[in-house]
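What follows is the content of run-v3.txt, which has compact mmCIF, C-alpha atoms and all ligand atoms:
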# COMPACT_ATOMS: atom_id res chain seq x y z
CA MET Z 1 -12.09 35.30 -39.91
CA SER Z 2 -13.49 38.52 -41.43
CA SER Z 3 -17.12 39.35 -40.83
CA VAL Z 4 -19.74 39.74 -43.54
CA PRO Z 5 -21.16 43.26 -43.25
CA ILE Z 6 -24.67 42.87 -41.90
CA SER Z 7 -27.32 45.05 -40.43
CA ARG Z 8 -29.47 44.08 -37.48
CA GLU Z 9 -32.46 44.29 -39.82
CA THR Z 10 -31.03 41.65 -42.12
CA LEU Z 11 -30.16 39.47 -39.19
CA VAL Z 12 -33.52 39.17 -37.60
CA SER Z 13 -35.83 39.33 -40.61
CA ALA Z 14 -36.35 36.26 -42.76
CA ALA Z 15 -36.96 38.25 -45.92
CA SER Z 16 -34.42 38.12 -48.79
CA ALA Z 17 -31.70 36.82 -46.56
CA THR Z 18 -30.86 33.51 -48.21
CA ASP Z 19 -27.52 34.67 -49.59
CA VAL Z 20 -26.44 36.22 -46.33
CA GLU Z 21 -27.56 33.13 -44.47
CA ALA Z 22 -25.57 30.93 -46.89
CA ALA Z 23 -22.48 33.06 -46.25
CA TRP Z 24 -22.93 32.77 -42.48
CA LEU Z 25 -23.45 29.01 -42.74
CA ASP Z 26 -20.27 28.71 -44.81
CA ARG Z 27 -18.32 30.50 -42.14
CA LEU Z 28 -19.89 28.43 -39.39
CA LEU Z 29 -19.12 25.21 -41.25
CA LEU Z 30 -15.50 26.30 -41.60
CA ALA Z 31 -15.34 27.12 -37.90
CA ALA Z 32 -16.94 23.76 -37.01
CA CYS Z 33 -14.22 21.99 -39.02
CA GLU Z 34 -11.49 23.95 -37.27
CA MET Z 35 -12.64 23.45 -33.67
CA PRO Z 36 -9.56 22.65 -31.53
CA VAL Z 37 -10.97 19.40 -30.10
CA ALA Z 38 -7.50 18.19 -29.10
CA GLU Z 39 -7.14 21.18 -26.76
CA GLY Z 40 -10.18 20.29 -24.67
CA GLU Z 41 -13.73 21.52 -24.18
CA VAL Z 42 -12.76 24.95 -22.82
CA ALA Z 43 -10.82 25.68 -26.02
CA VAL Z 44 -13.72 24.38 -28.15
CA VAL Z 45 -16.31 26.64 -26.47
CA ALA Z 46 -14.02 29.68 -26.59
CA PHE Z 47 -13.37 29.01 -30.29
CA LEU Z 48 -17.01 28.61 -31.22
CA VAL Z 49 -18.15 31.64 -29.22
CA ARG Z 50 -15.52 33.67 -31.04
CA ALA Z 51 -16.63 32.28 -34.44
CA VAL Z 52 -20.33 33.06 -33.80
CA GLY Z 53 -19.40 36.43 -32.30
CA GLU Z 54 -17.49 37.31 -35.46
CA ILE Z 55 -20.46 36.35 -37.60
CA PHE Z 56 -22.81 38.49 -35.45
CA PRO Z 57 -20.57 41.22 -34.05
CA THR Z 58 -23.37 43.58 -33.04
CA PHE Z 59 -25.06 40.96 -30.83
CA GLY Z 60 -24.22 39.61 -27.44
CA VAL Z 61 -22.80 36.12 -28.04
CA GLY Z 62 -21.77 33.82 -25.25
CA ALA Z 63 -21.90 30.31 -23.81
CA CYS Z 64 -22.09 28.64 -20.45
CA LEU Z 65 -19.99 25.49 -20.34
CA VAL Z 66 -21.05 22.91 -17.78
CA THR Z 67 -18.45 20.24 -17.25
CA PRO Z 68 -19.87 16.79 -16.54
CA PRO Z 69 -18.25 14.78 -13.72
CA PRO Z 70 -15.34 12.62 -15.00
CA ARG Z 71 -16.25 9.01 -15.84
CA SER Z 72 -13.26 7.53 -14.08
CA SER Z 73 -11.35 9.03 -11.19
CA SER Z 74 -8.27 7.08 -12.31
CA SER Z 75 -7.80 9.32 -15.32
CA PRO Z 76 -7.93 12.86 -14.02
CA ASP Z 77 -7.18 15.45 -16.66
CA ALA Z 78 -5.59 18.62 -15.38
CA THR Z 79 -6.86 20.57 -18.37
CA LEU Z 80 -10.51 19.93 -17.45
CA PRO Z 81 -12.33 22.11 -14.94
CA SER Z 82 -13.53 20.30 -11.83
CA PRO Z 83 -16.84 18.33 -12.05
CA GLY Z 84 -20.02 20.31 -12.44
CA GLU Z 85 -18.12 23.58 -12.83
CA GLN Z 86 -19.74 26.35 -14.89
CA ARG Z 87 -17.73 28.68 -17.06
CA LEU Z 88 -19.16 31.63 -18.91
CA PHE Z 89 -17.71 32.72 -22.24
CA LYS Z 90 -18.60 36.04 -23.85
CA TYR Z 91 -17.55 37.27 -27.22
CA VAL Z 92 -15.73 40.58 -27.12
CA PRO Z 93 -14.08 41.79 -30.32
CA ASP Z 94 -10.50 41.69 -29.01
CA GLY Z 95 -10.75 38.30 -27.32
CA GLU Z 96 -13.41 36.25 -25.52
CA GLU Z 97 -13.99 37.01 -21.89
CA HIS Z 98 -13.99 33.78 -20.01
CA ARG Z 99 -14.42 33.19 -16.34
CA ALA Z 100 -16.03 30.82 -13.87
CA LEU Z 101 -18.95 32.56 -12.23
CA GLY Z 102 -21.63 31.77 -9.73
CA VAL Z 103 -24.05 34.15 -11.49
CA ASP Z 104 -27.27 33.11 -13.19
CA PRO Z 105 -26.15 31.61 -16.53
CA THR Z 106 -29.57 32.31 -18.11
CA ARG Z 107 -28.76 36.01 -18.11
CA MET Z 108 -25.29 36.62 -19.45
CA PHE Z 109 -26.02 39.97 -21.07
CA PRO Z 110 -27.97 42.20 -18.67
CA GLY Z 111 -27.03 45.17 -20.94
CA PHE Z 112 -29.39 43.86 -23.63
CA ALA Z 113 -33.16 43.64 -23.30
CA TYR Z 114 -33.55 40.12 -24.73
CA GLU Z 115 -31.49 36.98 -24.36
CA ARG Z 116 -32.07 33.75 -26.24
CA VAL Z 117 -30.64 30.64 -24.54
CA LEU Z 118 -30.14 27.47 -26.61
CA GLU Z 119 -29.58 24.19 -24.86
CA VAL Z 120 -26.43 22.63 -26.33
CA GLU Z 121 -26.51 19.61 -24.05
CA PRO Z 122 -29.48 18.41 -21.95
CA HIS Z 123 -29.32 20.27 -18.61
CA GLY Z 124 -25.80 21.39 -19.40
CA THR Z 125 -23.93 23.72 -21.69
CA THR Z 126 -25.90 26.56 -23.29
CA LEU Z 127 -25.30 28.99 -26.16
CA HIS Z 128 -26.53 32.57 -25.68
CA ILE Z 129 -27.49 35.26 -28.17
CA SER Z 130 -28.63 38.63 -26.96
CA SER Z 131 -29.97 41.89 -28.37
CA ASP Z 132 -32.28 44.84 -27.73
CA ASP Z 133 -34.35 43.68 -30.69
CA ALA Z 134 -37.27 41.50 -29.58
CA ARG Z 135 -37.10 39.52 -32.80
CA VAL Z 136 -33.99 37.75 -31.52
CA GLU Z 137 -36.48 35.67 -29.56
CA GLU Z 138 -38.30 34.59 -32.73
CA HIS Z 139 -37.76 31.09 -33.97
CA ASP Z 140 -37.70 31.17 -37.73
CA THR Z 141 -35.19 33.83 -38.71
CA PRO Z 142 -32.01 33.28 -40.79
CA MET Z 143 -29.96 34.29 -37.81
CA MET Z 144 -31.57 31.73 -35.54
CA HIS Z 145 -31.08 29.01 -38.20
CA VAL Z 146 -27.39 29.72 -38.04
CA VAL Z 147 -27.33 29.97 -34.23
CA ARG Z 148 -29.16 26.64 -33.90
CA ARG Z 149 -26.59 25.05 -36.18
CA ALA Z 150 -23.85 26.65 -34.12
CA ALA Z 151 -25.37 24.97 -31.04
CA LEU Z 152 -25.30 21.62 -32.86
CA ALA Z 153 -21.69 22.21 -33.94
CA LEU Z 154 -20.79 23.04 -30.34
CA GLU Z 155 -22.46 19.88 -29.04
CA ARG Z 156 -20.48 17.84 -31.53
CA GLY Z 157 -17.24 19.67 -30.72
CA LEU Z 158 -17.70 19.08 -26.99
CA GLY Z 159 -18.35 15.37 -27.61
CA LEU Z 160 -15.20 15.12 -29.70
CA ALA Z 161 -13.14 17.08 -27.17
CA ARG Z 162 -14.25 14.80 -24.32
CA ALA Z 163 -13.66 11.66 -26.40
CA HIS Z 164 -10.22 12.97 -27.27
CA ALA Z 165 -9.42 13.76 -23.61
CA LYS Z 166 -10.55 10.27 -22.58
CA ALA Z 167 -8.52 8.60 -25.33
CA THR Z 168 -5.45 10.59 -24.26
CA ALA Z 169 -5.98 9.63 -20.62
CA ASP Z 170 -6.49 5.96 -21.61
CA ALA Z 171 -3.31 6.06 -23.68
CA ARG Z 172 -1.45 7.56 -20.73
CA GLU Z 173 -2.78 4.85 -18.40
CA LEU Z 174 -1.76 2.23 -20.94
CA ARG Z 175 1.76 3.66 -21.09
CA VAL Z 176 2.03 3.54 -17.28
CA LEU Z 177 0.70 -0.05 -17.24
CA ASN Z 178 3.15 -0.97 -19.97
CA SER Z 179 6.09 0.48 -18.09
CA HIS Z 180 4.99 -1.45 -14.96
CA MET Z 181 4.87 -4.61 -17.03
CA VAL Z 182 8.32 -3.97 -18.44
CA GLN Z 183 9.58 -3.37 -14.89
CA ALA Z 184 7.92 -6.60 -13.70
CA GLU Z 185 9.49 -8.51 -16.59
CA LYS Z 186 12.88 -7.00 -15.81
CA LEU Z 187 12.49 -8.09 -12.20
CA ALA Z 188 11.48 -11.57 -13.25
CA SER Z 189 14.58 -11.94 -15.42
CA LEU Z 190 16.69 -10.34 -12.70
CA GLY Z 191 15.30 -13.01 -10.37
CA GLN Z 192 16.32 -15.79 -12.74
CA ILE Z 193 19.78 -14.34 -13.27
CA ALA Z 194 20.15 -13.79 -9.53
CA ALA Z 195 19.15 -17.35 -8.74
CA GLY Z 196 21.77 -18.61 -11.24
CA VAL Z 197 24.45 -16.27 -9.90
CA VAL Z 198 23.76 -17.26 -6.31
CA HIS Z 199 23.84 -20.92 -7.20
CA GLU Z 200 27.21 -20.58 -8.93
CA LEU Z 201 28.79 -18.30 -6.33
CA ASN Z 202 27.43 -19.67 -3.10
CA ASN Z 203 29.59 -22.74 -2.68
CA PRO Z 204 32.98 -21.29 -3.67
CA LEU Z 205 32.28 -18.14 -1.63
CA THR Z 206 31.24 -20.10 1.42
CA SER Z 207 34.52 -22.02 1.13
CA ILE Z 208 36.53 -18.81 0.84
CA VAL Z 209 34.81 -17.31 3.89
CA ALA Z 210 35.20 -20.52 5.92
CA TYR Z 211 38.86 -21.12 4.97
CA THR Z 212 39.79 -17.48 5.59
CA ASP Z 213 38.26 -17.78 9.00
CA TRP Z 214 40.15 -21.02 9.54
CA LEU Z 215 43.46 -19.44 8.45
CA ILE Z 216 42.92 -16.46 10.79
CA ARG Z 217 42.25 -18.77 13.71
CA LYS Z 218 45.21 -20.98 12.76
CA ALA Z 219 47.59 -18.00 12.66
CA GLY Z 220 46.35 -17.07 16.13
CA PRO Z 221 46.80 -13.73 17.86
CA THR Z 222 50.58 -13.97 17.49
CA GLY Z 223 50.51 -14.36 13.71
CA ASP Z 224 52.06 -11.83 11.33
CA PRO Z 225 49.78 -8.73 11.69
CA ASP Z 226 50.05 -7.78 7.99
CA SER Z 227 49.03 -11.23 6.82
CA LEU Z 228 46.19 -11.33 9.37
CA GLU Z 229 44.91 -7.96 8.13
CA ARG Z 230 44.96 -9.21 4.52
CA LEU Z 231 43.12 -12.36 5.52
CA ARG Z 232 40.49 -10.26 7.29
CA ARG Z 233 40.01 -8.19 4.15
CA ILE Z 234 39.57 -11.34 2.05
CA GLY Z 235 36.96 -12.55 4.56
CA GLU Z 236 35.07 -9.23 4.60
CA SER Z 237 35.05 -8.88 0.82
CA SER Z 238 33.80 -12.40 0.25
CA SER Z 239 31.10 -11.89 2.90
CA ARG Z 240 30.03 -8.76 1.07
CA ILE Z 241 29.68 -10.66 -2.23
CA LEU Z 242 27.64 -13.34 -0.43
CA ARG Z 243 25.37 -10.65 1.05
CA PHE Z 244 24.92 -9.03 -2.34
CA THR Z 245 23.93 -12.23 -4.10
CA ARG Z 246 21.45 -13.03 -1.32
CA ASP Z 247 20.01 -9.50 -1.54
CA LEU Z 248 19.54 -9.91 -5.27
CA VAL Z 249 17.54 -13.08 -4.76
CA ALA Z 250 15.52 -11.55 -1.92
CA TYR Z 251 14.73 -8.61 -4.20
CA ALA Z 252 13.37 -10.58 -7.09
CA ARG Z 253 12.15 -13.92 -5.73
CA PRO Z 254 8.49 -14.21 -4.77
CA SER Z 255 8.30 -15.24 -1.14
CA SER Z 256 6.61 -18.45 -0.05
CA GLU Z 257 6.03 -17.14 3.49
CA VAL Z 258 2.39 -16.80 4.55
CA PRO Z 259 1.05 -13.88 6.61
CA VAL Z 260 0.47 -14.50 10.31
CA PRO Z 261 -0.14 -12.20 13.30
CA VAL Z 262 3.26 -10.75 14.17
CA SER Z 263 4.51 -8.73 17.12
CA ILE Z 264 6.48 -5.81 15.69
CA ARG Z 265 8.39 -5.58 18.94
CA HIS Z 266 9.53 -9.19 18.56
CA VAL Z 267 10.52 -8.53 14.93
CA ILE Z 268 12.58 -5.50 15.99
CA GLU Z 269 14.34 -7.45 18.76
CA GLN Z 270 15.22 -10.21 16.29
CA ALA Z 271 16.55 -7.69 13.77
CA LEU Z 272 18.64 -6.01 16.48
CA ALA Z 273 20.08 -9.42 17.39
CA PHE Z 274 20.99 -10.01 13.74
CA CYS Z 275 22.64 -6.60 13.59
CA GLU Z 276 24.63 -7.07 16.81
CA HIS Z 277 27.89 -7.22 14.87
CA VAL Z 278 27.38 -4.07 12.79
CA ILE Z 279 25.98 -2.18 15.81
CA ALA Z 280 29.06 -3.06 17.87
CA GLN Z 281 31.39 -2.30 14.96
CA HIS Z 282 30.02 1.27 14.74
CA GLY Z 283 29.88 1.77 18.51
CA ALA Z 284 26.15 2.50 18.37
CA ASP Z 285 23.91 2.74 21.44
CA VAL Z 286 20.45 1.30 20.93
CA GLU Z 287 17.44 3.02 22.50
CA ARG Z 288 14.09 1.24 22.50
CA VAL Z 289 10.71 2.75 23.34
CA PHE Z 290 7.93 0.20 22.83
CA GLY Z 291 4.35 1.40 23.35
CA ASP Z 292 2.38 -0.79 25.81
CA ASP Z 293 -0.84 -0.98 23.80
CA VAL Z 294 0.74 -1.89 20.45
CA PRO Z 295 -1.22 -4.76 18.87
CA THR Z 296 0.06 -7.33 16.39
CA VAL Z 297 0.23 -6.71 12.66
CA ARG Z 298 -0.41 -9.26 9.91
CA GLY Z 299 2.70 -10.13 8.02
CA MET Z 300 5.54 -12.40 6.99
CA PRO Z 301 7.92 -12.45 9.98
CA GLU Z 302 11.12 -13.22 8.07
CA GLN Z 303 10.48 -10.43 5.60
CA LEU Z 304 9.68 -7.97 8.38
CA VAL Z 305 12.92 -8.85 10.14
CA GLN Z 306 14.71 -8.16 6.85
CA VAL Z 307 13.09 -4.69 6.73
CA PHE Z 308 14.56 -3.71 10.10
CA VAL Z 309 17.92 -5.39 9.50
CA ASN Z 310 18.33 -3.22 6.39
CA LEU Z 311 17.23 -0.05 8.20
CA PHE Z 312 19.47 -0.68 11.23
CA THR Z 313 22.44 -1.54 9.00
CA ASN Z 314 22.02 1.70 7.04
CA ALA Z 315 21.71 3.68 10.28
CA CYS Z 316 24.96 2.21 11.60
CA HIS Z 317 26.75 2.90 8.31
CA ALA Z 318 25.70 6.57 8.52
CA MET Z 319 26.88 7.10 12.07
CA PRO Z 320 29.89 9.15 13.12
CA ALA Z 321 33.11 7.17 13.62
CA ASP Z 322 32.98 7.69 17.39
CA GLY Z 323 29.58 6.01 17.71
CA GLY Z 324 26.02 7.20 17.67
CA VAL Z 325 22.49 6.46 18.75
CA LEU Z 326 20.03 4.16 17.03
CA ALA Z 327 16.56 4.82 18.46
CA VAL Z 328 13.61 2.56 17.71
CA SER Z 329 10.13 3.27 18.96
CA THR Z 330 6.67 1.86 18.32
CA GLN Z 331 3.23 3.28 18.96
CA LEU Z 332 -0.38 2.81 17.96
CA ASN Z 333 -1.83 5.67 15.92
CA GLU Z 334 -4.74 7.71 17.31
CA GLU Z 335 -7.31 5.94 15.12
CA ARG Z 336 -5.88 2.63 16.41
CA THR Z 337 -5.60 1.33 12.82
CA HIS Z 338 -1.83 1.32 12.34
CA VAL Z 339 1.30 0.47 14.26
CA ILE Z 340 3.81 3.26 13.70
CA VAL Z 341 7.52 2.54 13.97
CA PHE Z 342 10.18 5.25 14.10
CA VAL Z 343 13.80 4.38 13.33
CA ASP Z 344 16.04 7.35 14.13
CA ASP Z 345 19.76 7.80 13.97
CA ASN Z 346 22.13 10.69 14.48
CA GLY Z 347 24.22 9.94 11.42
CA HIS Z 348 24.97 12.18 8.45
CA GLY Z 349 21.32 12.19 7.37
CA ILE Z 350 19.80 12.05 3.89
CA ALA Z 351 19.91 14.98 1.44
CA THR Z 352 16.38 16.39 0.93
CA ASP Z 353 16.38 15.63 -2.79
CA HIS Z 354 17.34 12.01 -2.08
CA LEU Z 355 14.44 11.31 0.29
CA GLN Z 356 12.39 9.63 -2.47
CA ALA Z 357 15.23 8.30 -4.62
CA ILE Z 358 16.76 6.18 -1.85
CA PHE Z 359 13.97 3.61 -2.30
CA ALA Z 360 14.82 3.01 -5.98
CA PRO Z 361 16.80 -0.12 -6.81
CA PHE Z 362 20.54 0.44 -7.13
CA PHE Z 363 20.43 3.97 -5.67
CA THR Z 364 23.42 4.32 -3.39
CA THR Z 365 25.67 7.10 -2.19
CA LYS Z 366 28.18 4.62 -0.81
CA VAL Z 367 31.46 4.74 -2.68
CA ASP Z 368 33.94 2.03 -3.73
CA GLY Z 369 31.19 -0.53 -4.22
CA ARG Z 370 30.42 -0.57 -0.49
CA GLY Z 371 26.69 -0.39 -1.19
CA THR Z 372 24.60 -2.04 -3.89
CA GLY Z 373 21.62 0.24 -3.37
CA LEU Z 374 19.26 -2.71 -2.99
CA GLY Z 375 18.65 -2.52 0.77
CA LEU Z 376 15.91 0.10 0.80
CA SER Z 377 14.25 -1.10 -2.40
CA ILE Z 378 13.88 -4.51 -0.73
CA VAL Z 379 12.46 -2.71 2.30
CA LYS Z 380 9.99 -0.81 0.09
CA ASN Z 381 8.89 -3.99 -1.72
CA ILE Z 382 8.23 -5.78 1.55
CA VAL Z 383 6.46 -2.80 3.08
CA ASP Z 384 4.24 -2.48 -0.02
CA ASN Z 385 3.43 -6.19 0.09
CA HIS Z 386 2.21 -5.69 3.65
CA GLY Z 387 -0.12 -2.84 2.69
CA ALA Z 388 2.12 -0.68 4.87
CA GLU Z 389 3.87 2.61 4.21
CA ILE Z 390 7.34 3.98 4.71
CA ARG Z 391 8.88 7.41 4.37
CA ALA Z 392 12.23 8.94 5.13
CA GLU Z 393 12.78 12.31 6.73
CA ARG Z 394 15.24 14.26 8.82
CA SER Z 395 15.54 13.18 12.45
CA ALA Z 396 15.52 15.68 15.33
CA SER Z 397 19.29 15.26 15.65
CA GLY Z 398 19.85 16.00 11.94
CA GLY Z 399 20.33 12.32 11.11
CA ALA Z 400 17.82 10.11 9.29
CA ARG Z 401 14.37 9.10 10.47
CA PHE Z 402 12.34 6.32 8.86
CA VAL Z 403 8.65 6.21 9.68
CA LEU Z 404 6.75 3.00 8.99
CA ALA Z 405 3.01 2.41 9.34
CA PHE Z 406 1.70 -1.16 9.41
CA PRO Z 407 -2.03 -1.90 9.44
CA THR Z 408 -2.90 -3.71 12.68
CA ALA Z 409 -3.86 -7.39 12.34
CA GLY Z 410 -7.49 -6.53 13.11
CA ALA Z 411 -7.67 -3.53 10.74
N1 LIG D 501 20.02 5.94 7.96
C1 LIG D 501 20.52 6.53 6.87
N2 LIG D 501 21.25 7.67 6.99
C2 LIG D 501 21.76 8.29 5.90
N3 LIG D 501 21.59 7.85 4.64
C3 LIG D 501 20.87 6.73 4.45
C4 LIG D 501 20.30 6.01 5.55
N4 LIG D 501 19.64 4.96 5.05
C5 LIG D 501 19.79 5.00 3.72
N5 LIG D 501 20.54 6.05 3.35
C6 LIG D 501 20.88 6.46 1.99
O1 LIG D 501 20.11 5.68 1.09
C7 LIG D 501 20.95 5.02 0.16
C8 LIG D 501 20.31 3.73 -0.26
O2 LIG D 501 20.24 2.82 0.81
P1 LIG D 501 20.15 1.28 0.49
O3 LIG D 501 20.08 0.55 1.75
O4 LIG D 501 19.09 1.05 -0.52
O5 LIG D 501 21.51 1.00 -0.28
P2 LIG D 501 22.97 0.98 0.33
O6 LIG D 501 22.92 0.95 1.81
O7 LIG D 501 23.71 2.08 -0.32
O8 LIG D 501 23.48 -0.40 -0.24
P3 LIG D 501 23.03 -1.87 0.24
O9 LIG D 501 22.38 -2.48 -0.95
O10 LIG D 501 24.29 -2.54 0.61
O11 LIG D 501 22.07 -1.72 1.37
C9 LIG D 501 22.26 4.87 0.88
O12 LIG D 501 23.33 4.73 -0.02
C10 LIG D 501 22.34 6.19 1.66
O13 LIG D 501 22.73 7.24 0.81
MG MG D 502 21.71 -0.42 2.83
As a first step, turn the structure in this file into structure tokens.
Amino acid sequence: MSSVPISRETLVSAASATDVEAAWLDRLLLAACEMPVAEGEVAVVAFLVRAVGEIFPTFGVGACLVTPPPRSSSSPDATLPSPGEQRLFKYVPDGEEHRALGVDPTRMFPGFAYERVLEVEPHGTTLHISSDDARVEEHDTPMMHVVRRAALALERGLGLARAHAKATADARELRVLNSHMVQAEKLASLGQIAAGVVHELNNPLTSIVAYTDWLIRKAGPTGDPDSLERLRRIGESSSRILRFTRDLVAYARPSSEVPVPVSIRHVIEQALAFCEHVIAQHGADVERVFGDDVPTVRGMPEQLVQVFVNLFTNACHAMPADGGVLAVSTQLNEERTHVIVFVDDNGHGIATDHLQAIFAPFFTTKVDGRGTGLGLSIVKNIVDNHGAEIRAERSASGGARFVLAFPTAGA
């Protein structure tokens, strides 16, 4: 944008200035059309201050942008300054100075004797024009016609920028909602497929497991060791398929259980009983520390047992071959609003960049199809359904620690 050569005299006097004024208005109109509304209100103010500054290069031109509080906290926009923030913009020939200041925004140009402040928005953003010439304060000069129009253009630009930011945030929210819906639909179809798979597989698999068991018992301890080993492998593999199909159903099927007051300690004991086999298989020692004052939580007991069965099973799988320690402890938080449960093991631990990913469906580091990666995503689903929280971290021994927080029944 090149500036029309003007003198201060021409600027502030109304006489014979129609042509100059028309030229300024042309340039302002062009600038108003080019305002970068898609880049946000900061960009719009900076742009307009620059445009007005280039039209009136010998004057002090600036603006104070006041950002209104966001309408909805669910659509924060990182490009917007925080609510109520003031930013001052000053035109300087090689780029606009722009900073957030706590100074009096009615006096942006203390170097000049006079400063005219135009309200762009009620009790908000202002446009400033400053000079040593007292006539800058007069109302009916060609310059002030242009500046008033610049204030109107800025008001419009700010409105458009905010509308654009809101539309972008809405579109983003819509995309997130959409992806949640797609995920929910996927789960629903996964549930239907799983139910079908389980139905078809359950009976033959149960027969395989039962007959393998029967054959092992029939062969007795004196049977051919190689054949016995093969039978055991058949039994283990079929049990694994059974577990997988049940996990799939548990993952996708809505539960019909209703919430009741539950003792977390009781849930943990039940889960430990269920895991007796895997605990013994991995030579794990179980340590329990149950806080005395731990109240009940509200929840679905069967689902809560499933949470701890999955956590204990994982802990055992991660343990060293010569055994390890599985430590479970419960306590009431200081505010007495949540029951906190710690599940620690001294296994191989979880890589730092996996600490979040482990809760995603089908995430597994277990090789040869030993893990389906559904265990922790089931845990996460159940925990979420209980309004509870879970996170994974490193335990003191370098193994894994899971921390769960359940709202107490009275909370
Ligand atoms: N206590 C633990 N110690 C170390 N790694 C763990 C522990 N618990 C979970 N993990 C990691 O998280 C991954 C996901 O666990 P998750 O229970 O979801 O699936 P999985 O155990 O691999 O398979 P499955 O569906 O049979 O449970 C595991 O593969 C493992 O890498
Ligand atoms: Mg698991």
**Study point:** Minimum-distance residue to Arg288 of chain Z, chosen among Z:Leu205, Z:Val328, Z:Val379, Z:Ala392 (using all atoms listed in the file)
**Key:**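 Smallest separation from Arg288 of chain Z among the options: Z:Val328.
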**Study point:** Exercise answer, 10 Å around ligand MG 502 (chain D) with all atoms listed in the file, as a ChimeraX atom specification
**Key:** /Z:309-318,358,363-366,370-379
Output file for the selection above: C-alpha atoms, as an mmCIF file, keeping the file's coordinate frame:
data_model
loop_
_atom_site.group_PDB
_atom_site.id
_atom_site.type_symbol
_atom_site.label_atom_id
_atom_site.label_comp_id
_atom_site.auth_asym_id
_atom_site.auth_seq_id
_atom_site.Cartn_x
_atom_site.Cartn_y
_atom_site.Cartn_z
ATOM 1 C CA VAL Z 309 17.920 -5.390 9.500
ATOM 2 C CA ASN Z 310 18.330 -3.220 6.390
ATOM 3 C CA LEU Z 311 17.230 -0.050 8.200
ATOM 4 C CA PHE Z 312 19.470 -0.680 11.230
ATOM 5 C CA THR Z 313 22.440 -1.540 9.000
ATOM 6 C CA ASN Z 314 22.020 1.700 7.040
ATOM 7 C CA ALA Z 315 21.710 3.680 10.280
ATOM 8 C CA CYS Z 316 24.960 2.210 11.600
ATOM 9 C CA HIS Z 317 26.750 2.900 8.310
ATOM 10 C CA ALA Z 318 25.700 6.570 8.520
ATOM 11 C CA ILE Z 358 16.760 6.180 -1.850
ATOM 12 C CA PHE Z 363 20.430 3.970 -5.670
ATOM 13 C CA THR Z 364 23.420 4.320 -3.390
ATOM 14 C CA THR Z 365 25.670 7.100 -2.190
ATOM 15 C CA LYS Z 366 28.180 4.620 -0.810
ATOM 16 C CA ARG Z 370 30.420 -0.570 -0.490
ATOM 17 C CA GLY Z 371 26.690 -0.390 -1.190
ATOM 18 C CA THR Z 372 24.600 -2.040 -3.890
ATOM 19 C CA GLY Z 373 21.620 0.240 -3.370
ATOM 20 C CA LEU Z 374 19.260 -2.710 -2.990
ATOM 21 C CA GLY Z 375 18.650 -2.520 0.770
ATOM 22 C CA LEU Z 376 15.910 0.100 0.800
ATOM 23 C CA SER Z 377 14.250 -1.100 -2.400
ATOM 24 C CA ILE Z 378 13.880 -4.510 -0.730
ATOM 25 C CA VAL Z 379 12.460 -2.710 2.300
#
Check your understanding: Which residue gives the smallest distance to Thr296 of chain Z among Z:Ile340, Z:Ala153, Z:Leu65, Z:Ala195, with only C-alpha atoms counted?
Key ->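 Ranking Z:Ile340, Z:Ala153, Z:Leu65, Z:Ala195 by distance to Thr296 of chain Z, first place goes to Z:Ile340.
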Check your understanding: Leaving out Cys64 of chain Z and any residue of its chain fewer than 2 positions from it, which residues lie within 6 Å of it when counting only C-alpha atoms, given as a list in words?
Key ->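 Near neighbours after the sequence-gap exclusion: Arg87, Leu88, Thr125 and Thr126 of chain Z.
Atom CA of Ala63 of chain Z sits 6.6 Å away from atom CA of Lys90 of chain Z.
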Point to revise | Pick from Z:Asp140, Z:Asp345, Z:Glu393, Z:Asp368, whichever lies nearest to ligand LIG 501 (chain D) using all atoms listed in the file | key: Z:Asp345
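Nearest to ligand LIG 501 (chain D) of all the residues Z:Lys186, Z:Arg298, Z:His128, Z:Arg246 is Z:Arg246, counting all atoms listed in the file.
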**Study point:** Between atom CA of Lys166 of chain Z and atom CA of Val45 of chain Z - distance in Å to one decimal
**Key:** 17.8 Å
Review point. What is the distance between atom CA of Ala280 of chain Z and atom CA of Gln303 of chain Z, in Å to one decimal?
Key: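 About the pair atom CA of Ala280 of chain Z and atom CA of Gln303 of chain Z: they are 23.5 Å apart.
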Review point. Using only C-alpha atoms, which residues sit within 8 Å of Leu127 of chain Z once same-chain residues fewer than 6 positions away are excluded, as a list in words?
Key: Val61, Gly62, Ala63, Cys64, Val117, Leu118, Glu119, Val120 and Ala151 of chain Z
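When all atoms listed in the file are used to compute distances to Gln306 of chain Z, the closest of the residues Z:Arg116, Z:Arg50, Z:Lys380, Z:Arg401 turns out to be Z:Lys380.
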**Study point:** Distance criterion (only C-alpha atoms): nearest to Ala321 of chain Z out of Z:Gly157, Z:Gly347, Z:Gly124, Z:Gly60
**Key:**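 Nearest to Ala321 of chain Z: Z:Gly347.
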Check your understanding: What's the 7 Å shell around Ala161 of chain Z, counting all atoms listed in the file, without same-chain residues fewer than 2 positions away, as a list in words?
Key ->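 The residues satisfying every condition are Val37, Ala38, Gly40, Glu41, Gly157, Leu158, Gly159, Ala163, His164 and Ala165 of chain Z.
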Given 3 Å of margin on each side, can you work out the centre and size in Å (one decimal) of an axis-aligned box holding every listed atom of ligand LIG 501 (chain D), as JSON?
{"center_x": 21.7, "center_y": 2.9, "center_z": 3.5, "size_x": 11.2, "size_y": 16.8, "size_z": 14.9}
